[in-house]
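As stored in start14.tsv (TSV, C-alpha atoms and all ligand atoms):
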```
chain	number	residue	atom	x	y	z
A	1252	MET	CA	2.11	106.38	-12.50
A	1253	THR	CA	-1.22	107.60	-13.89
A	1254	ASP	CA	-1.12	106.02	-17.32
A	1255	CYS	CA	0.18	102.60	-16.32
A	1256	ILE	CA	-2.14	99.60	-16.59
A	1257	PHE	CA	-0.39	97.71	-13.78
A	1258	CYS	CA	-0.49	100.73	-11.43
A	1259	LYS	CA	-4.21	100.87	-12.19
A	1260	ILE	CA	-4.52	97.19	-11.26
A	1261	ILE	CA	-2.70	97.84	-7.96
A	1262	ASN	CA	-5.02	100.80	-7.28
A	1263	ARG	CA	-8.14	98.73	-8.15
A	1264	GLU	CA	-8.97	101.09	-11.01
A	1265	ILE	CA	-9.14	98.04	-13.26
A	1266	PRO	CA	-9.91	94.49	-12.11
A	1267	SER	CA	-7.47	91.63	-11.81
A	1268	TYR	CA	-7.41	88.05	-10.55
A	1269	LYS	CA	-5.28	88.66	-7.47
A	1270	VAL	CA	-3.29	85.75	-6.06
A	1271	TYR	CA	-1.07	87.58	-3.54
A	1272	GLU	CA	-0.64	91.04	-2.03
A	1273	ASP	CA	1.37	92.70	0.69
A	1274	ASP	CA	2.62	96.25	1.29
A	1275	GLU	CA	5.25	96.07	-1.45
A	1276	VAL	CA	4.24	93.41	-3.95
A	1277	TYR	CA	1.14	92.40	-5.92
A	1278	ALA	CA	0.62	89.20	-7.91
A	1279	PHE	CA	-2.22	88.36	-10.29
A	1280	LEU	CA	-3.11	86.02	-13.12
A	1281	ASP	CA	-1.79	86.96	-16.53
A	1282	ILE	CA	-4.82	87.41	-18.75
A	1283	THR	CA	-3.29	85.21	-21.48
A	1284	GLN	CA	-2.80	82.12	-19.23
A	1285	THR	CA	0.00	80.81	-21.41
A	1286	THR	CA	-0.30	77.82	-19.11
A	1287	LYS	CA	-2.78	77.27	-16.28
A	1288	GLY	CA	-1.84	79.52	-13.35
A	1289	HIS	CA	0.41	81.88	-15.37
A	1290	THR	CA	1.01	84.65	-12.83
A	1291	LEU	CA	2.62	88.10	-12.89
A	1292	VAL	CA	4.49	89.40	-9.84
A	1293	ILE	CA	4.96	93.17	-9.69
A	1294	PRO	CA	6.40	95.72	-7.28
A	1295	LYS	CA	3.81	98.27	-6.12
A	1296	GLN	CA	6.40	100.95	-6.75
A	1297	HIS	CA	6.33	101.82	-10.44
A	1298	VAL	CA	9.62	100.89	-12.10
A	1299	THR	CA	9.81	100.43	-15.84
A	1300	ASP	CA	12.22	97.55	-16.01
A	1301	ILE	CA	15.06	95.74	-14.23
A	1302	PHE	CA	17.47	98.62	-14.89
A	1303	GLU	CA	15.47	100.88	-12.54
A	1304	TYR	CA	15.52	98.68	-9.44
A	1305	ASP	CA	17.71	99.46	-6.48
A	1306	ASP	CA	18.93	96.64	-4.21
A	1307	VAL	CA	16.13	97.13	-1.70
A	1308	LEU	CA	13.29	97.00	-4.22
A	1309	ALA	CA	14.84	93.99	-5.96
A	1310	ALA	CA	15.08	92.15	-2.65
A	1311	LYS	CA	11.47	92.96	-1.85
A	1312	LEU	CA	10.18	91.65	-5.17
A	1313	PHE	CA	12.33	88.57	-5.52
A	1314	SER	CA	11.94	87.51	-1.89
A	1315	ARG	CA	8.22	86.91	-2.51
A	1316	ILE	CA	8.72	84.72	-5.58
A	1317	PRO	CA	9.55	81.42	-3.81
A	1318	LYS	CA	6.40	81.72	-1.66
A	1319	ILE	CA	4.17	82.42	-4.67
A	1320	SER	CA	5.88	79.62	-6.64
A	1321	ARG	CA	5.17	77.16	-3.83
A	1322	GLY	CA	1.57	78.38	-3.85
A	1323	LEU	CA	1.29	77.48	-7.53
A	1324	GLU	CA	2.92	74.11	-6.91
A	1325	LYS	CA	0.44	73.29	-4.16
A	1326	ALA	CA	-2.55	74.63	-6.10
A	1327	PHE	CA	-1.70	72.52	-9.15
A	1328	PRO	CA	-0.35	69.09	-8.10
A	1329	ASP	CA	0.10	68.19	-11.78
A	1330	MET	CA	2.61	71.03	-12.18
A	1331	LYS	CA	6.05	69.58	-12.94
A	1332	GLY	CA	8.12	72.73	-13.39
A	1333	LEU	CA	8.08	76.52	-13.45
A	1334	ASN	CA	9.70	79.09	-15.73
A	1335	LEU	CA	10.47	82.57	-14.39
A	1336	ILE	CA	10.58	85.12	-17.20
A	1337	ASN	CA	11.37	88.82	-16.97
A	1338	ASN	CA	11.32	90.79	-20.23
A	1339	ASN	CA	13.11	94.13	-20.35
A	1340	LYS	CA	12.62	96.64	-23.19
A	1341	GLU	CA	10.68	96.19	-26.38
A	1342	LEU	CA	13.41	94.26	-28.18
A	1343	ALA	CA	13.22	91.65	-25.42
A	1344	TYR	CA	9.43	91.33	-25.77
A	1345	GLN	CA	8.41	93.66	-22.94
A	1346	SER	CA	4.92	94.97	-23.75
A	1347	VAL	CA	3.82	96.44	-20.38
A	1348	PHE	CA	6.29	98.96	-19.03
A	1349	HIS	CA	5.75	98.37	-15.34
A	1350	SER	CA	8.33	95.76	-14.45
A	1351	HIS	CA	6.98	92.27	-13.81
A	1352	VAL	CA	8.12	88.68	-13.46
A	1353	HIS	CA	6.14	85.95	-15.22
A	1354	LEU	CA	5.66	82.70	-13.30
A	1355	ILE	CA	4.76	80.09	-15.89
A	1356	PRO	CA	3.80	76.68	-14.50
A	1357	ARG	CA	4.84	73.76	-16.68
A	1358	TYR	CA	2.86	70.58	-16.98
A	1359	SER	CA	4.39	68.79	-19.95
A	1360	LYS	CA	6.81	69.16	-22.84
A	1361	ASP	CA	3.80	69.91	-25.01
A	1362	ASP	CA	2.79	73.01	-23.02
A	1363	ASP	CA	1.96	75.95	-25.25
A	1364	PHE	CA	5.23	77.56	-24.22
A	1365	SER	CA	8.82	76.97	-25.13
A	1366	ILE	CA	12.13	78.52	-24.31
A	1367	THR	CA	15.21	77.20	-25.97
A	1368	PHE	CA	18.76	78.47	-25.76
A	1369	LYS	CA	20.78	78.07	-28.92
A	1370	ASN	CA	24.30	76.90	-28.21
A	1371	ASN	CA	26.66	79.47	-29.75
A	1372	GLY	CA	29.55	78.50	-27.51
A	1373	ASP	CA	31.62	77.32	-30.47
A	1374	ASN	CA	31.68	80.90	-31.82
A	1375	TYR	CA	33.67	82.13	-28.81
A	1376	THR	CA	37.30	81.36	-28.06
A	1377	PRO	CA	38.41	81.08	-24.43
A	1378	GLU	CA	40.20	84.44	-24.91
A	1379	THR	CA	36.99	86.13	-26.09
A	1380	MET	CA	35.06	84.63	-23.16
A	1381	SER	CA	37.68	86.00	-20.73
A	1382	GLN	CA	37.53	89.40	-22.42
A	1383	ILE	CA	33.72	89.56	-22.23
A	1384	ALA	CA	33.73	88.47	-18.58
A	1385	SER	CA	36.37	90.98	-17.56
A	1386	THR	CA	34.61	93.83	-19.40
A	1387	ILE	CA	31.35	93.12	-17.54
A	1388	LYS	CA	33.09	92.50	-14.21
A	1389	GLU	CA	35.00	95.77	-14.44
A	1390	VAL	CA	31.81	97.77	-14.97
A	1391	ILE	CA	30.01	95.97	-12.10
A	1392	ASP	CA	32.99	96.43	-9.76
A	1393	HIS	CA	32.83	100.21	-10.36
A	1394	GLU	CA	29.04	100.50	-9.87
B	1	LIG	P1	5.44	91.35	-21.21
B	1	LIG	O1	5.13	91.08	-22.66
B	1	LIG	O2	6.56	90.55	-20.66
B	1	LIG	O3	5.58	92.85	-20.96
B	1	LIG	O4	4.16	90.85	-20.40
B	1	LIG	C1	3.04	91.63	-20.21
B	1	LIG	C2	1.93	90.68	-19.84
B	1	LIG	O5	0.88	91.42	-19.25
B	1	LIG	C3	1.33	89.91	-21.02
B	1	LIG	O6	1.58	88.53	-20.85
B	1	LIG	C4	-0.15	90.26	-20.95
B	1	LIG	O7	-0.96	89.14	-21.20
B	1	LIG	C5	-0.31	90.74	-19.53
B	1	LIG	N1	-1.40	91.66	-19.31
B	1	LIG	C6	-1.63	92.84	-19.95
B	1	LIG	N2	-2.73	93.44	-19.45
B	1	LIG	C7	-3.20	92.63	-18.47
B	1	LIG	C8	-4.30	92.70	-17.56
B	1	LIG	N3	-5.17	93.74	-17.58
B	1	LIG	N4	-4.48	91.68	-16.69
B	1	LIG	C9	-3.64	90.65	-16.68
B	1	LIG	N5	-2.57	90.52	-17.48
B	1	LIG	C10	-2.35	91.49	-18.37
B	2	ZN	ZN	3.03	101.24	-13.10
```
Just give me the structure of the file as structure tokens.
Ligand code: AMP
Ligand code: ZN
Amino acid sequence: MTDCIFCKIINREIPSYKVYEDDEVYAFLDITQTTKGHTLVIPKQHVTDIFEYDDVLAAKLFSRIPKISRGLEKAFPDMKGLNLINNNKELAYQSVFHSHVHLIPRYSKDDDFSITFKNNGDNYTPETMSQIASTIKEVIDHE
């Protein structure tokens, strides 16, 4: 895609700090370095977000993530954890519309990064949970 910053990175039209590349996937340091080694993994095929992947492209992208994660772990022996983040659509904080997965190494609880899940479980009865699950399952089963 001509006007996409990540396509331009793949095509070497703009520079990046590459950490991995093969025929299908490219990985490079996120310019913000939320933590040391913060890496973005992208498919070379331009897809906007997770909703545009087919099974084959998803397998290609995600199959590389363990290898790159182990690379980070070996490169930074003080790394104690890793968050994988994938933002989809503006509401969910996506700011570059070429799909990407963030690999965010974690070194301590005081890292400049936090992700917390609020527990809203008490707001849902078992019946509502069953209803939500069956609604989603039905749609997926008919995909
Ligand atoms: P998101 O907000 O999930 O769409 O993430 C987009 C990420 O791309 C941000 O964390 C930016 O720091 C990063 N980013 C944008 N432009 C560049 C660039 N030229 N090189 C490296 N990272 C970039
Ligand atoms: Zn692109």
Centre and edge lengths of an axis-aligned box around all listed atoms of ligand LIG 1 (chain B), with 5 Å added on each side, are to be given in Å to one decimal, as JSON.
```
{"center_x": 0.7, "center_y": 91.1, "center_z": -19.7, "size_x": 21.7, "size_y": 15.2, "size_z": 16.0}
```
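Take atom CA of Asp1300 of chain A and atom CA of Ile1391 of chain A: the distance between them is 18.3 Å.
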### Task
Find the residues around Pro1266 of chain A up to 12 Å (all atoms listed in the file counted), leave out those fewer than 3 positions away in its own chain, and share them as a list of chain:residue names.
A:Ile1256, A:Phe1257, A:Cys1258, A:Lys1259, A:Ile1260, A:Ile1261, A:Asn1262, A:Arg1263, A:Lys1269, A:Phe1279, A:Leu1280, A:Asp1281, A:Ile1282
For chain A versus ligand ZN 2 (chain B), which residues have an atom no more than 9 Å away, and what is each residue's nearest atom pair and distance in Å rounded to one decimal, using all atoms listed in the file, chain-then-number order, as CSV?
```
residue,atom,partner,partner_atom,distance
A:Met1252,CA,B:ZN2,ZN,5.3
A:Thr1253,CA,B:ZN2,ZN,7.7
A:Asp1254,CA,B:ZN2,ZN,7.6
A:Cys1255,CA,B:ZN2,ZN,4.5
A:Ile1256,CA,B:ZN2,ZN,6.4
A:Phe1257,CA,B:ZN2,ZN,5.0
A:Cys1258,CA,B:ZN2,ZN,3.9
A:Lys1259,CA,B:ZN2,ZN,7.3
A:Ile1260,CA,B:ZN2,ZN,8.8
A:Ile1261,CA,B:ZN2,ZN,8.4
A:Ile1293,CA,B:ZN2,ZN,9.0
A:Pro1294,CA,B:ZN2,ZN,8.7
A:Lys1295,CA,B:ZN2,ZN,7.6
A:Gln1296,CA,B:ZN2,ZN,7.2
A:His1297,CA,B:ZN2,ZN,4.3
A:Val1298,CA,B:ZN2,ZN,6.7
A:Thr1299,CA,B:ZN2,ZN,7.4
A:Val1347,CA,B:ZN2,ZN,8.8
A:Phe1348,CA,B:ZN2,ZN,7.1
A:His1349,CA,B:ZN2,ZN,4.5
A:Ser1350,CA,B:ZN2,ZN,7.7
```
### Message
Can you measure atom CA of Pro1377 of chain A to atom CA of His1393 of chain A for me? One decimal in Å is fine.
### Response
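A separation of 24.4 Å between them.
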### Message
With distances taken over all atoms listed in the file, which residue among A:Val1270, A:Ala1309, A:Ile1387, A:Ala1343 lies nearest Ala1326 of chain A?
### Response
A:Val1270
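Going from atom CA of Asp1363 of chain A over to atom CA of Thr1285 of chain A, you cover 6.5 Å.
With all atoms listed in the file as the atoms that count, the residue of A:Gly1322, A:Gly1332, A:Pro1317, A:Gly1288 with the shortest distance to ligand LIG 1 (chain B) is A:Gly1288.
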### Task
Return the single residue from A:Ser1359, A:Ser1365, A:Ser1320, A:Gln1345 that is closest to ligand LIG 1 (chain B), with distances computed using all atoms listed in the file.
A:Gln1345
#### Entry: Nearest to ligand LIG 1 (chain B) by atom-to-atom distance, counting only C-alpha atoms and all ligand atoms, from A:Ser1381, A:Thr1367, A:Ser1346, A:Asn1339
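Ranking A:Ser1381, A:Thr1367, A:Ser1346, A:Asn1339 by distance to ligand LIG 1 (chain B), first place goes to A:Ser1346.
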### Query
Taking (3.3, 77.5, -13.9) in the file's coordinates as the center, which residues reach within 12 Å of it, counting only C-alpha atoms, put as a PyMOL selection string?
chain A and resi 1280-1281+1284-1291+1319-1336+1353-1359+1362-1364
### Message
Show me the residues close to (13.0, 88.7, -2.8) - anything with an atom within 12 Å, counting all atoms listed in the file - and format the list as a PyMOL selection string.
### Response
chain A and resi 1275-1276+1292-1294+1306-1319+1352
Could segment 1338-1368 of chain A be completed with N, CA and C atoms and returned as a short mmCIF file (atom, residue, chain, number, x, y, z; two decimals), keeping the file's coordinate frame?
```cif
data_model
loop_
_atom_site.label_atom_id
_atom_site.label_comp_id
_atom_site.auth_asym_id
_atom_site.auth_seq_id
_atom_site.Cartn_x
_atom_site.Cartn_y
_atom_site.Cartn_z
N ASN A 1338 10.95 90.12 -18.98
CA ASN A 1338 11.32 90.79 -20.23
C ASN A 1338 11.63 92.26 -19.96
N ASN A 1339 12.69 92.74 -20.56
CA ASN A 1339 13.11 94.13 -20.35
C ASN A 1339 13.38 94.82 -21.67
N LYS A 1340 12.58 95.84 -21.96
CA LYS A 1340 12.62 96.64 -23.19
C LYS A 1340 11.93 95.88 -24.34
N GLU A 1341 11.50 96.70 -25.28
CA GLU A 1341 10.68 96.19 -26.38
C GLU A 1341 11.38 95.07 -27.16
N LEU A 1342 12.67 95.26 -27.41
CA LEU A 1342 13.41 94.26 -28.18
C LEU A 1342 13.34 92.89 -27.52
N ALA A 1343 13.26 92.90 -26.20
CA ALA A 1343 13.22 91.65 -25.42
C ALA A 1343 11.79 91.25 -25.07
N TYR A 1344 10.85 91.72 -25.87
CA TYR A 1344 9.43 91.33 -25.77
C TYR A 1344 8.68 91.93 -24.60
N GLN A 1345 9.20 93.01 -23.98
CA GLN A 1345 8.41 93.66 -22.94
C GLN A 1345 7.28 94.44 -23.61
N SER A 1346 6.05 94.24 -23.16
CA SER A 1346 4.92 94.97 -23.75
C SER A 1346 4.19 95.84 -22.73
N VAL A 1347 4.38 95.57 -21.43
CA VAL A 1347 3.82 96.44 -20.38
C VAL A 1347 5.01 97.01 -19.61
N PHE A 1348 5.06 98.33 -19.54
CA PHE A 1348 6.29 98.96 -19.03
C PHE A 1348 6.18 99.35 -17.56
N HIS A 1349 5.65 98.41 -16.80
CA HIS A 1349 5.75 98.37 -15.34
C HIS A 1349 6.37 97.01 -15.08
N SER A 1350 7.56 97.00 -14.54
CA SER A 1350 8.33 95.76 -14.45
C SER A 1350 7.53 94.63 -13.80
N HIS A 1351 7.72 93.42 -14.32
CA HIS A 1351 6.98 92.27 -13.81
C HIS A 1351 7.76 90.99 -14.09
N VAL A 1352 7.54 90.00 -13.24
CA VAL A 1352 8.12 88.68 -13.46
C VAL A 1352 6.98 87.71 -13.76
N HIS A 1353 7.12 86.98 -14.86
CA HIS A 1353 6.14 85.95 -15.22
C HIS A 1353 6.49 84.66 -14.47
N LEU A 1354 5.51 84.05 -13.85
CA LEU A 1354 5.66 82.70 -13.30
C LEU A 1354 4.81 81.79 -14.19
N ILE A 1355 5.48 80.91 -14.90
CA ILE A 1355 4.76 80.09 -15.89
C ILE A 1355 4.86 78.62 -15.49
N PRO A 1356 3.78 78.09 -14.89
CA PRO A 1356 3.80 76.68 -14.50
C PRO A 1356 3.93 75.79 -15.73
N ARG A 1357 4.65 74.70 -15.57
CA ARG A 1357 4.84 73.76 -16.68
C ARG A 1357 4.27 72.40 -16.30
N TYR A 1358 3.56 71.85 -17.22
CA TYR A 1358 2.86 70.58 -16.98
C TYR A 1358 3.38 69.46 -17.85
N SER A 1359 3.85 69.82 -19.05
CA SER A 1359 4.39 68.79 -19.95
C SER A 1359 5.25 69.46 -21.01
N LYS A 1360 5.98 68.62 -21.76
CA LYS A 1360 6.81 69.16 -22.84
C LYS A 1360 5.96 69.78 -23.93
N ASP A 1361 4.69 69.39 -23.97
CA ASP A 1361 3.80 69.91 -25.01
C ASP A 1361 3.04 71.15 -24.58
N ASP A 1362 3.41 71.74 -23.41
CA ASP A 1362 2.79 73.01 -23.02
C ASP A 1362 2.89 74.00 -24.17
N ASP A 1363 1.95 74.94 -24.18
CA ASP A 1363 1.96 75.95 -25.25
C ASP A 1363 2.99 77.03 -24.94
N PHE A 1364 4.18 76.62 -24.59
CA PHE A 1364 5.23 77.56 -24.22
C PHE A 1364 6.56 76.87 -24.45
N SER A 1365 7.50 77.58 -25.02
CA SER A 1365 8.82 76.97 -25.13
C SER A 1365 9.91 78.02 -24.99
N ILE A 1366 10.97 77.63 -24.39
CA ILE A 1366 12.13 78.52 -24.31
C ILE A 1366 13.34 77.64 -24.59
N THR A 1367 14.03 77.99 -25.63
CA THR A 1367 15.21 77.20 -25.97
C THR A 1367 16.41 78.13 -26.13
N PHE A 1368 17.53 77.68 -25.64
CA PHE A 1368 18.76 78.47 -25.76
C PHE A 1368 19.62 77.82 -26.83
#
```
